[in-house]
Each structure stands twice: as structure tokens, then as C-alpha cells.
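K.L.:
Questions regarding the structure given below will be posed in turn.
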Amino acid sequence: MGHLITLATSLNQWALDFQGNYERIIQSIAIAKERGATLRVGPELEIPGYGCYDHFLEGDTILHSWEVLAKILSSDDTMGIVCDIGMPVVHKNVTYNCRVIVHDRQVLLIRPKMWLANDGNYREMRYFTPWMKHRQWEDHFLPRIIQTVTKQVKVPFGDCVISTADTCIGVELCEELFTPASPHILMGLDGVEIFTNSSGSHHELRKLYTRVELIKEATLKLGGIYLYANQQGCDGDRLYYDGCAMIAMNGHIVAQGSQFSLNDVEVVTATIDIEDVRSHRTSRSRGLQAASSEVFHRIEVPFALSSGKFGDTDGATTLGIQAKLSGAKFHTPEEEIALGPACWLWDYLRRSRTQGYFVPLSGGIDSCATAVIVYSMCRLVAEAARKGDKQVIADARRMVGEQEDSVYIPLDPHEFCNKIFHTCYMGTENSSAETRKRAKDLSEAIGSYHVDLNMDTLVTSVRNLFAFVTGMRPQFRAHGGSSAENLALQNIQARLRMLLAYLFAQLLPWVRGRQGALLVLGSANVDERCQPVSKEILNELTSTPADINPIGGISKTDLKKFIAYARDAFEIPILNDFLSAIPTAELEPISETYVQADEADMGMTYDELSVFGRFRKVEKCGPYGMFTKLVHEWGSFLSPVQIAEKVKLFFFEYARNRHKMTTLTPSYHAESYSPDDNRFDLRPFLYPSRFPWQFKKIDEVAAVLPDRSNSAADRTKTD
């Protein structure tokens, strides 16, 4: 007879929200027990929240974490279930990122993290120290607040495993799964059958596949059951933790939670036959390695995860043979853009306790994408309300100014969008009728409260003020002005739009008879933020410095694909007009012979910008390294000299504008080449922008390389 074990894993925590985090932990345990689970695993550092950053250095964070754990242990919630809970712990004056394993008001083990995440968005070694005594443990003396509850003075602290009456459980913490020599390998060879992984893994476009494959691979060769719990939601900064809690067995996904959700608590359960693990481990080669493997200290618990009686399950997901038929589910990148930033915006809106969002619509695709993401958020809210989500309904009522006893339910996304989303077209004499119409049509399609205005009088007033003070009147380039005059006149429009955006965001709720204010959303994509290679783009980029930016980590190329997806999925035909429009800042006068275009201003296309961004950040290329790679990639259609000029232009403009990155609007992180300064992309902001040594080497190599481009072949045929 197989030993059927019901397993559970989950949540949407918020940094330093100890009360809210406690309530969500308790709720997840209650749901797990209702479903018959005997093992519950939560996300990494779930008591204080993963994104506390330098607050982890404060004694208060450690103290309040122990207080929450004491409250959890004092209740009956952990009775009859093994709970794996995350919090920081100070051991011998060293702070560790830990899992605290508890059962029946007893602390069984404190397991510190051994391999810390310390690249990209992660700085764990700034706050924590890794546990370097592998397969070793020490006594940890519990604080008195815990001793009072558990009647324990000390507990094991270190790299140990839990041995129950029917199986063995080992802990692997987030980054440890991603390391070449993951702890689950040696634990599995020493007889551990269930691995728990508590994670704080953030969303990036197309990243989930890598995570799923690692989880499957962890038990494919080794055999075993893998419980993956992850944070889900915005817990206080640029990252959205994309949940997707999973249970895997012997290389197959058995159960999978949602990647994007408005739920505060999500528990994934599966009932699995532990005998399937044992039969998977009968190979001779595995047996030979296991027989000589290192031994882990086992902490024995007089408790069984299984009932020991055949048929004592609820049948939710029964035998492993059936469970193996499940496969992992993945969203397309377009769906990820529709869902990830939308959920992030919802968390930000409700947790900041503001009344809605404000977006200046330019009639271009970037501000359009921002608006459509807000509309996607409204669709998710309406969907959750239709399902009776009490938390979503309560948050929505507060946002729209309803009383606590209100019966209002946001069932219609257009109606809810009109209440919380405000858009504005800020036109000048340089604006076209086409962009004005597109902005108006989009606002009507999604239901936003829209304002259409002309601000020429403001622009003229500033221009007149300068002329009065200096006796000189600046002109656009089209009217005979210099580049400096042309840029200054564009800057006037950009800065005034910023001023008007915050004025309207502050007062539009008052105009509509409501209290509070709106958050201003930015609309600069990652390519513009990463490489603002022209002053004109900087104008567009900084025309509305905002509170937050949902598309600042998404490329122009992906945004276009998202708009095409939303056109059909959300039934918004007007989006076709945005896809066919030429990107333009509309800051210069339009004539029969000249229409301002972003790519012409930049001297390169958005697709090229995306390539430069990936090589600069992801592939870690300097100017010469990027040139050598692009010679191979672009050599069929560009000559080495042409490639050299593009690379030099990119690095020159990038270097002289890098200081702008230090003040960029906080943005949703969705791309591996995000330029968020001092967060994800650590660079100086005063560069030798002409890179004399590097550019000289590029020019020398480009001059002697053969031209294998199509244009060269065409010239040869002509000759």
C-alpha cells in the first residue's frame, strides 16, 4: 500500500507589514489544514517580507519577526501540521536568512540559507551571512519570548533534515536550487524524499521556463517530491514576485499555482504516493552513490505526514501515476505584460491608499500601452469581484470613495476604470489631429475619465518671459533657430507637461467631488530608459517624470506585440491605429517636408536599441566586445565600418546621458537589461564619453575587416 501524503505550499506579503503578513500566514495554514495537508511551506522571509532591504540590519526587524512567530506558535494553528516559516535569525551575533520548522508548538529546526542571491536585483550578502558549515549544526538559544511558548531553551541550528515516522524532509532555499551543486543532490542521496524550497523569485519576461525546468530536473534524476513556494505580488518596490507555487515529483509537475493573481493567499495542494519516489530510486547507479554519500543529522519527529490507512485522502489529486500526466503552464510574453504589471499596479494602488492613476496620453504606443495595462488591471479587479473576492471588493470600494457599508461591487471594468483612471491629452501647436484623436478614442474604448487641453498659452508665456529678460527670442530649427534653441523650446513643452500632470493628478478627484489624489504613471520603455541616445528622446522620456512606471522594464518590440495581443484579447480595435503610427515626440513644428520621428532623431531603430541594451547588460559587453559580436550578427547587411559607427554612437550618447538614469521613475522590473541605477544596473554616471582607447581599437579593426554585407555584394555586381 502506498503512503498517501497530502502536501501544501503557498503568498502576497508586504515588507514590514508584520500584522498583515501574520494574518496571511495564518490563513494559508488554515486553508492547508482544511484540505488535509500535513506539511505547509511558505515563501522566503515571509514574516517580515522579502523586500525589507536595509531594514534587515535593524534590530526591530528581528524582534518583530520573533514576536510574530511567537504569536503563530501560541495559537492552535500549527497543531497537527509541520510548518516551514521564513524569517531572519541572529545566531552568535551573525544574521542569517532562515527557515524555522515548527510543529505542535515546538521549534524543530532553524535552517540558515547556505548560498545567497547576490547579483542582479539581489543583495542578500549586504544583510545576511551564508551558513558555511555544511552538514553541521549547533545549538541556538531561543529568545525568551519563544521559550515562554515552546518551553524549549535551545534548538538545532544548521544544515539538518527532518525525519518523520514515514519519510524525510530537507530544506533548500531559493538561490540554492540555482547553484551547480544544489543541496538537494546530497540530501536526496542520503534518503531525503521531500524537498521544500521557499523562494523570493521575481518576474521577468520569459523567465518562468528556466525556473520550472530546474524544479523538474531536481527530482528527475534524483527522484523525490519538490515543494516550491514563492512570494506573489509587489511587496514594496520595483519587483513583482510571480508566485507560481509548484509541486513536482520525479521530474513531473503535479500541481501549479497562478503566476499572476490578485489573491493575497494561494495554497496549492496535491496528494502523492511516496512509494512512487522509492520505486524511482531503484537504479543501481543511484544506489551506489547513495551508499557512499555524506550523512545529514536527522531531527526525529514523532509525527507522520500520511495517515497510514489506505484511502484516507480527499481525492483532489490522487496517485502519482495520474499526477505525472500534468504539465507546467506558461503564459506568452504578451500575456505576461498584460498580467504582471497590472497586478503590480493593483498592489501599489491599494497599499499606497491612493484613489487612482493619471496618465498623459500622447497618442503614441508607449502611453497607450500604459493605459491598456491599467485597463487590464481593471479587468482583473472585475473578474475577482465576480468571484466574490472580499479583499478586492473592499479595496475597490475604498478607492472609489464608497462607505464601509456600501454594496458597490466593481463588476464592469469600463465603469471601474472611469472611477479610478484619468487620462489627459496635452496638445500644442506642434501636435497633430491624429494623435489627439487616437488619445480620445482610446480613452473612450477603455472607459477612462479623459481631459483634452491645449497648453500653447503656457508655452508662449515662458518663451515671452525669456525674451523679456534676455532680449533674445529662441526659434525652432525649422524657423532658422540653432540646435540649442530648438532643444530649449522642446524642453519647455516637456517640463510644462510634467507640471500639468501633477496639477491634474492632485486636483481631478476634487473636481469630481472626491477626496485624495492620483498617482502619475510614466510611459518610457526600457530601450528609451536604457539608452536615451538623443536629447529629443530625453525630452519625451522626462516630459512626465512620474510616481511609478509600469512599462519601464519592457522593450518597444515587446510592447508592440502586447498591443497587438490586447487588440484582440480585450476587443479594442482602435489599437490598430497605434500599431501603424510612426513614433514621434511632436515637440517640433510639422511641415510638408518634416515630421519629427524618434528613430530618425536617435540615428538607430528601437530594435537596434534593444540589441545594444542586451549586449551591454546581459552579455556584459564594452564597446569593443559589442562591436566584435555585432560584426558576426549584422555582417550580412551592414559593413564593419557601419557597425562601428552605430556602436560608437550608442556608447557616446549612452555615456553622456547616463546621469539621467539616477533619477528615473521607479519602474516595474520585467527585462534583464533594465537600467535602474544603483538597484539593478550599477554604473558610474560620469563617463569619458568619447572612449578614445576603445573607439580607436574599433576603428582599427573595422578598417581591415572585409565587407560581407549584401550592399557590398550589390556594389560588386553593379561594377
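Ordering of the C-alpha cells sets the chain letters (A, B, ...), residue numbers begin anew at 1 in every chain, and ligands are numbered from 1 in the order given.
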Please provide the set of residues having any atom within 12 Å of Pro413 in chain A, restricted to only C-alpha atoms, with same-chain residues fewer than 4 positions apart removed, written as an MDAnalysis selection string.

P.N.:
chainID A and resid 372 374:386 396 409 417:421 445:448 570

K.L.:
Kindly export the residues of the current selection with N, CA, C and O atoms, as an mmCIF file, in the first residue's frame.

P.N.:
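Below is the file that was written, out_5.cif:
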data_model
loop_
_atom_site.group_PDB
_atom_site.id
_atom_site.type_symbol
_atom_site.label_atom_id
_atom_site.label_comp_id
_atom_site.auth_asym_id
_atom_site.auth_seq_id
_atom_site.Cartn_x
_atom_site.Cartn_y
_atom_site.Cartn_z
ATOM 1 N N VAL A 372 -3.465 50.709 -21.438
ATOM 2 C CA VAL A 372 -4.068 49.391 -21.631
ATOM 3 C C VAL A 372 -3.727 48.468 -20.460
ATOM 4 O O VAL A 372 -4.541 47.630 -20.060
ATOM 5 N N VAL A 374 -3.368 49.485 -17.367
ATOM 6 C CA VAL A 374 -4.298 49.888 -16.307
ATOM 7 C C VAL A 374 -5.676 49.280 -16.562
ATOM 8 O O VAL A 374 -6.346 48.804 -15.641
ATOM 9 N N TYR A 375 -6.105 49.295 -17.823
ATOM 10 C CA TYR A 375 -7.395 48.671 -18.160
ATOM 11 C C TYR A 375 -7.367 47.176 -17.873
ATOM 12 O O TYR A 375 -8.356 46.606 -17.392
ATOM 13 N N SER A 376 -6.232 46.516 -18.152
ATOM 14 C CA SER A 376 -6.087 45.097 -17.806
ATOM 15 C C SER A 376 -6.240 44.891 -16.305
ATOM 16 O O SER A 376 -6.860 43.923 -15.859
ATOM 17 N N MET A 377 -5.674 45.813 -15.516
ATOM 18 C CA MET A 377 -5.854 45.752 -14.061
ATOM 19 C C MET A 377 -7.337 45.819 -13.699
ATOM 20 O O MET A 377 -7.816 45.050 -12.845
ATOM 21 N N CYS A 378 -8.062 46.709 -14.337
ATOM 22 C CA CYS A 378 -9.497 46.844 -14.062
ATOM 23 C C CYS A 378 -10.247 45.576 -14.441
ATOM 24 O O CYS A 378 -11.203 45.180 -13.759
ATOM 25 N N ARG A 379 -9.828 44.932 -15.511
ATOM 26 C CA ARG A 379 -10.440 43.647 -15.900
ATOM 27 C C ARG A 379 -10.199 42.583 -14.836
ATOM 28 O O ARG A 379 -11.095 41.803 -14.499
ATOM 29 N N LEU A 380 -8.985 42.542 -14.291
ATOM 30 C CA LEU A 380 -8.676 41.563 -13.239
ATOM 31 C C LEU A 380 -9.492 41.845 -11.982
ATOM 32 O O LEU A 380 -9.950 40.915 -11.303
ATOM 33 N N VAL A 381 -9.663 43.126 -11.662
ATOM 34 C CA VAL A 381 -10.457 43.501 -10.489
ATOM 35 C C VAL A 381 -11.906 43.048 -10.673
ATOM 36 O O VAL A 381 -12.516 42.467 -9.764
ATOM 37 N N ALA A 382 -12.454 43.318 -11.850
ATOM 38 C CA ALA A 382 -13.838 42.915 -12.120
ATOM 39 C C ALA A 382 -13.991 41.397 -12.066
ATOM 40 O O ALA A 382 -14.984 40.874 -11.532
ATOM 41 N N GLU A 383 -13.006 40.684 -12.590
ATOM 42 C CA GLU A 383 -13.055 39.220 -12.556
ATOM 43 C C GLU A 383 -13.008 38.700 -11.120
ATOM 44 O O GLU A 383 -13.765 37.799 -10.746
ATOM 45 N N ALA A 384 -12.129 39.289 -10.307
ATOM 46 C CA ALA A 384 -12.041 38.874 -8.902
ATOM 47 C C ALA A 384 -13.328 39.217 -8.149
ATOM 48 O O ALA A 384 -13.789 38.453 -7.298
ATOM 49 N N ALA A 385 -13.920 40.374 -8.468
ATOM 50 C CA ALA A 385 -15.171 40.779 -7.810
ATOM 51 C C ALA A 385 -16.305 39.825 -8.156
ATOM 52 O O ALA A 385 -17.134 39.487 -7.299
ATOM 53 N N ARG A 386 -16.335 39.383 -9.421
ATOM 54 C CA ARG A 386 -17.377 38.430 -9.824
ATOM 55 C C ARG A 386 -17.246 37.106 -9.086
ATOM 56 O O ARG A 386 -18.224 36.401 -8.870
ATOM 57 N N ALA A 396 -11.481 48.072 -3.615
ATOM 58 C CA ALA A 396 -12.097 48.849 -4.689
ATOM 59 C C ALA A 396 -13.077 49.875 -4.123
ATOM 60 O O ALA A 396 -13.124 51.025 -4.582
ATOM 61 N N ILE A 409 -20.063 46.871 -6.040
ATOM 62 C CA ILE A 409 -19.167 45.809 -6.485
ATOM 63 C C ILE A 409 -18.673 46.160 -7.892
ATOM 64 O O ILE A 409 -19.493 46.409 -8.790
ATOM 65 N N CYS A 417 -12.887 51.506 -14.394
ATOM 66 C CA CYS A 417 -11.802 52.278 -14.996
ATOM 67 C C CYS A 417 -12.131 53.771 -14.964
ATOM 68 O O CYS A 417 -11.270 54.609 -14.676
ATOM 69 N N ASN A 418 -13.385 54.121 -15.245
ATOM 70 C CA ASN A 418 -13.788 55.527 -15.232
ATOM 71 C C ASN A 418 -13.664 56.144 -13.850
ATOM 72 O O ASN A 418 -13.413 57.337 -13.711
ATOM 73 N N LYS A 419 -13.810 55.337 -12.812
ATOM 74 C CA LYS A 419 -13.743 55.849 -11.440
ATOM 75 C C LYS A 419 -12.319 56.059 -10.956
ATOM 76 O O LYS A 419 -12.040 56.981 -10.178
ATOM 77 N N ILE A 420 -11.382 55.205 -11.402
ATOM 78 C CA ILE A 420 -10.036 55.265 -10.814
ATOM 79 C C ILE A 420 -8.943 55.654 -11.805
ATOM 80 O O ILE A 420 -7.786 55.846 -11.423
ATOM 81 N N PHE A 421 -9.272 55.761 -13.087
ATOM 82 C CA PHE A 421 -8.235 56.031 -14.091
ATOM 83 C C PHE A 421 -8.557 57.316 -14.846
ATOM 84 O O PHE A 421 -9.654 57.481 -15.392
ATOM 85 N N ALA A 445 -12.580 53.842 -25.432
ATOM 86 C CA ALA A 445 -12.599 52.375 -25.542
ATOM 87 C C ALA A 445 -12.394 51.689 -24.197
ATOM 88 O O ALA A 445 -12.968 50.635 -23.932
ATOM 89 N N ILE A 446 -11.559 52.282 -23.332
ATOM 90 C CA ILE A 446 -11.284 51.641 -22.039
ATOM 91 C C ILE A 446 -12.110 52.237 -20.907
ATOM 92 O O ILE A 446 -12.176 51.665 -19.822
ATOM 93 N N GLY A 447 -12.715 53.404 -21.137
ATOM 94 C CA GLY A 447 -13.599 53.994 -20.131
ATOM 95 C C GLY A 447 -12.961 55.000 -19.207
ATOM 96 O O GLY A 447 -13.584 55.404 -18.216
ATOM 97 N N SER A 448 -11.737 55.457 -19.478
ATOM 98 C CA SER A 448 -11.070 56.378 -18.555
ATOM 99 C C SER A 448 -11.737 57.756 -18.565
ATOM 100 O O SER A 448 -12.370 58.151 -19.545
ATOM 101 N N PHE A 570 -8.706 41.964 -25.657
ATOM 102 C CA PHE A 570 -9.557 42.911 -24.933
ATOM 103 C C PHE A 570 -10.604 43.562 -25.844
ATOM 104 O O PHE A 570 -11.370 44.405 -25.383
#

K.L.:
Report as an mmCIF file with N, CA and C atoms, in the first residue's frame all protein, DNA and RNA residues lying within 6 Å of Val82 in chain A, evaluated on only C-alpha atoms, omitting residues in the same chain fewer than 4 positions from it.

P.N.:
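Now in out.cif:
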data_model
loop_
_atom_site.group_PDB
_atom_site.id
_atom_site.type_symbol
_atom_site.label_atom_id
_atom_site.label_comp_id
_atom_site.auth_asym_id
_atom_site.auth_seq_id
_atom_site.Cartn_x
_atom_site.Cartn_y
_atom_site.Cartn_z
ATOM 1 N N LEU A 39 1.853 19.215 5.734
ATOM 2 C CA LEU A 39 3.094 19.967 5.567
ATOM 3 C C LEU A 39 2.776 21.242 4.810
ATOM 4 N N VAL A 102 8.447 24.267 12.376
ATOM 5 C CA VAL A 102 7.714 24.130 13.640
ATOM 6 C C VAL A 102 6.631 23.075 13.513
ATOM 7 N N HIS A 103 6.271 22.511 14.680
ATOM 8 C CA HIS A 103 5.189 21.518 14.737
ATOM 9 C C HIS A 103 4.701 21.404 16.173
#

K.L.:
What's the separation between CA of Ile574 in chain A and CA of Arg438 in chain A, in Å to one decimal place?

P.N.:
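CA of Ile574 in chain A sits 7.6 Å away from CA of Arg438 in chain A.
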
K.L.:
Taking the chain letters and numbering used in this document, name the residues of range 258-504 of chain A that DSSP puts in strand (DSSP E or B), as JSON, numbers by chain.

P.N.:
{"A": [268, 269, 270, 271, 272, 273, 297, 298, 299, 300, 306, 357, 358, 359, 360, 421, 422, 423, 424, 425, 426, 427, 449, 450, 451, 452, 453, 454]}

K.L.:
Which of range 114-165 of chain A counts as alpha helix (DSSP H) under DSSP, as a list in words please?

P.N.:
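Here are the alpha helix (DSSP H) residues of range 114-165 of chain A: Glu124, Met125, Arg126, Tyr127, Arg144, Ile145, Ile146, Gln147, Thr148, Val149 and Thr150 of chain A.
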
K.L.:
Could you give me, as a ChimeraX atom specification, the residues within 12 Å of range 694-697 of chain A, counting only C-alpha atoms and dropping anything in the same chain fewer than 2 positions from it?

P.N.:
/A:621-628,641,644-652,688-692,699-704

K.L.:
Write a file of the selected residues as an mmCIF file, in the first residue's frame, keeping N, CA, C and O atoms.

P.N.:
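Final file, result_31.cif:
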data_model
loop_
_atom_site.group_PDB
_atom_site.id
_atom_site.type_symbol
_atom_site.label_atom_id
_atom_site.label_comp_id
_atom_site.auth_asym_id
_atom_site.auth_seq_id
_atom_site.Cartn_x
_atom_site.Cartn_y
_atom_site.Cartn_z
ATOM 1 N N CYS A 621 29.048 43.386 -22.365
ATOM 2 C CA CYS A 621 29.957 43.847 -23.408
ATOM 3 C C CYS A 621 30.305 45.320 -23.239
ATOM 4 O O CYS A 621 29.424 46.153 -23.009
ATOM 5 N N GLY A 622 31.591 45.643 -23.388
ATOM 6 C CA GLY A 622 32.019 47.015 -23.549
ATOM 7 C C GLY A 622 31.934 47.379 -25.022
ATOM 8 O O GLY A 622 31.461 46.581 -25.852
ATOM 9 N N PRO A 623 32.404 48.570 -25.406
ATOM 10 C CA PRO A 623 32.299 48.989 -26.814
ATOM 11 C C PRO A 623 32.945 48.010 -27.793
ATOM 12 O O PRO A 623 32.325 47.622 -28.785
ATOM 13 N N TYR A 624 34.182 47.596 -27.501
ATOM 14 C CA TYR A 624 34.864 46.707 -28.449
ATOM 15 C C TYR A 624 34.213 45.327 -28.478
ATOM 16 O O TYR A 624 34.020 44.740 -29.551
ATOM 17 N N GLY A 625 33.860 44.796 -27.313
ATOM 18 C CA GLY A 625 33.217 43.483 -27.269
ATOM 19 C C GLY A 625 31.901 43.477 -28.027
ATOM 20 O O GLY A 625 31.570 42.511 -28.724
ATOM 21 N N MET A 626 31.128 44.568 -27.894
ATOM 22 C CA MET A 626 29.864 44.653 -28.615
ATOM 23 C C MET A 626 30.105 44.706 -30.122
ATOM 24 O O MET A 626 29.391 44.059 -30.908
ATOM 25 N N PHE A 627 31.102 45.470 -30.523
ATOM 26 C CA PHE A 627 31.422 45.569 -31.951
ATOM 27 C C PHE A 627 31.765 44.205 -32.537
ATOM 28 O O PHE A 627 31.256 43.814 -33.593
ATOM 29 N N THR A 628 32.620 43.446 -31.856
ATOM 30 C CA THR A 628 33.040 42.142 -32.399
ATOM 31 C C THR A 628 31.862 41.177 -32.512
ATOM 32 O O THR A 628 31.778 40.390 -33.456
ATOM 33 N N VAL A 641 32.442 49.003 -40.930
ATOM 34 C CA VAL A 641 32.532 50.427 -40.629
ATOM 35 C C VAL A 641 31.172 50.964 -40.182
ATOM 36 O O VAL A 641 31.079 51.766 -39.233
ATOM 37 N N ALA A 644 30.549 49.778 -36.708
ATOM 38 C CA ALA A 644 31.402 50.542 -35.788
ATOM 39 C C ALA A 644 30.780 51.891 -35.469
ATOM 40 O O ALA A 644 30.769 52.331 -34.312
ATOM 41 N N GLU A 645 30.242 52.556 -36.487
ATOM 42 C CA GLU A 645 29.642 53.876 -36.267
ATOM 43 C C GLU A 645 28.416 53.776 -35.365
ATOM 44 O O GLU A 645 28.193 54.629 -34.498
ATOM 45 N N LYS A 646 27.610 52.745 -35.549
ATOM 46 C CA LYS A 646 26.420 52.581 -34.708
ATOM 47 C C LYS A 646 26.810 52.288 -33.259
ATOM 48 O O LYS A 646 26.217 52.826 -32.319
ATOM 49 N N VAL A 647 27.800 51.437 -33.078
ATOM 50 C CA VAL A 647 28.239 51.095 -31.720
ATOM 51 C C VAL A 647 28.820 52.328 -31.030
ATOM 52 O O VAL A 647 28.515 52.605 -29.857
ATOM 53 N N LYS A 648 29.627 53.077 -31.732
ATOM 54 C CA LYS A 648 30.226 54.273 -31.137
ATOM 55 C C LYS A 648 29.166 55.322 -30.802
ATOM 56 O O LYS A 648 29.230 55.968 -29.747
ATOM 57 N N LEU A 649 28.187 55.485 -31.699
ATOM 58 C CA LEU A 649 27.106 56.436 -31.430
ATOM 59 C C LEU A 649 26.329 56.019 -30.181
ATOM 60 O O LEU A 649 26.028 56.860 -29.320
ATOM 61 N N PHE A 650 26.045 54.736 -30.102
ATOM 62 C CA PHE A 650 25.301 54.251 -28.932
ATOM 63 C C PHE A 650 26.063 54.548 -27.647
ATOM 64 O O PHE A 650 25.515 55.120 -26.696
ATOM 65 N N PHE A 651 27.320 54.163 -27.576
ATOM 66 C CA PHE A 651 28.071 54.327 -26.331
ATOM 67 C C PHE A 651 28.338 55.797 -26.011
ATOM 68 O O PHE A 651 28.356 56.190 -24.838
ATOM 69 N N PHE A 652 28.533 56.611 -27.042
ATOM 70 C CA PHE A 652 28.745 58.037 -26.802
ATOM 71 C C PHE A 652 27.503 58.665 -26.160
ATOM 72 O O PHE A 652 27.588 59.346 -25.133
ATOM 73 N N PRO A 688 34.053 58.920 -19.599
ATOM 74 C CA PRO A 688 34.806 59.518 -20.717
ATOM 75 C C PRO A 688 34.048 59.175 -22.000
ATOM 76 O O PRO A 688 34.337 58.170 -22.665
ATOM 77 N N SER A 689 33.041 59.980 -22.348
ATOM 78 C CA SER A 689 32.027 59.580 -23.328
ATOM 79 C C SER A 689 32.569 59.334 -24.732
ATOM 80 O O SER A 689 31.894 58.704 -25.543
ATOM 81 N N ARG A 690 33.764 59.822 -25.025
ATOM 82 C CA ARG A 690 34.326 59.565 -26.360
ATOM 83 C C ARG A 690 35.163 58.285 -26.401
ATOM 84 O O ARG A 690 35.641 57.900 -27.466
ATOM 85 N N PHE A 691 35.352 57.627 -25.259
ATOM 86 C CA PHE A 691 36.037 56.334 -25.169
ATOM 87 C C PHE A 691 37.219 56.261 -26.153
ATOM 88 O O PHE A 691 37.236 55.413 -27.059
ATOM 89 N N PRO A 692 38.222 57.140 -26.014
ATOM 90 C CA PRO A 692 39.277 57.222 -27.045
ATOM 91 C C PRO A 692 40.013 55.910 -27.289
ATOM 92 O O PRO A 692 40.273 55.554 -28.451
ATOM 93 N N ASP A 699 37.888 51.268 -34.581
ATOM 94 C CA ASP A 699 38.155 51.828 -35.913
ATOM 95 C C ASP A 699 39.272 51.069 -36.617
ATOM 96 O O ASP A 699 39.196 50.818 -37.837
ATOM 97 N N GLU A 700 40.321 50.705 -35.890
ATOM 98 C CA GLU A 700 41.442 49.974 -36.491
ATOM 99 C C GLU A 700 40.993 48.617 -37.017
ATOM 100 O O GLU A 700 41.366 48.208 -38.121
ATOM 101 N N VAL A 701 40.193 47.909 -36.231
ATOM 102 C CA VAL A 701 39.730 46.581 -36.657
ATOM 103 C C VAL A 701 38.725 46.701 -37.788
ATOM 104 O O VAL A 701 38.765 45.943 -38.768
ATOM 105 N N ALA A 702 37.793 47.670 -37.683
ATOM 106 C CA ALA A 702 36.770 47.838 -38.717
ATOM 107 C C ALA A 702 37.393 48.165 -40.072
ATOM 108 O O ALA A 702 36.891 47.757 -41.125
ATOM 109 N N ALA A 703 38.504 48.896 -40.047
ATOM 110 C CA ALA A 703 39.142 49.327 -41.298
ATOM 111 C C ALA A 703 39.729 48.157 -42.084
ATOM 112 O O ALA A 703 39.830 48.229 -43.319
ATOM 113 N N VAL A 704 40.129 47.088 -41.412
ATOM 114 C CA VAL A 704 40.787 45.970 -42.109
ATOM 115 C C VAL A 704 39.868 44.768 -42.304
ATOM 116 O O VAL A 704 40.212 43.847 -43.046
#

K.L.:
Give me the residues near range 184-186 of chain A as a PyMOL selection string, where near means some atom within 7 Å (using only C-alpha atoms) and where sequence neighbours in that chain fewer than 5 positions away do not count.

P.N.:
chain A and resi 172+195+293

K.L.:
Just all heavy atoms for this one: save the residues we selected as a tab-separated table (two decimals), in the first residue's frame.

P.N.:
chain	number	residue	atom	x	y	z
A	172	GLU	N	15.66	23.40	0.99
A	172	GLU	CA	16.52	24.06	0.01
A	172	GLU	C	15.94	25.47	-0.15
A	172	GLU	O	14.73	25.63	-0.33
A	172	GLU	CB	16.52	23.32	-1.32
A	172	GLU	CG	17.50	23.84	-2.33
A	172	GLU	CD	17.75	22.83	-3.44
A	172	GLU	OE1	16.89	22.72	-4.35
A	172	GLU	OE2	18.78	22.14	-3.38
A	195	PHE	N	11.60	17.66	-0.63
A	195	PHE	CA	12.41	18.87	-0.58
A	195	PHE	C	11.48	20.08	-0.57
A	195	PHE	O	10.56	20.17	-1.38
A	195	PHE	CB	13.34	18.96	-1.80
A	195	PHE	CG	14.14	17.72	-2.05
A	195	PHE	CD1	13.71	16.78	-2.98
A	195	PHE	CD2	15.31	17.47	-1.36
A	195	PHE	CE1	14.44	15.63	-3.23
A	195	PHE	CE2	16.05	16.32	-1.59
A	195	PHE	CZ	15.61	15.39	-2.53
A	293	SER	N	27.31	8.24	0.33
A	293	SER	CA	27.05	9.67	0.47
A	293	SER	C	27.29	10.17	1.88
A	293	SER	O	27.33	9.39	2.84
A	293	SER	CB	25.60	9.97	0.06
A	293	SER	OG	24.70	9.40	0.99
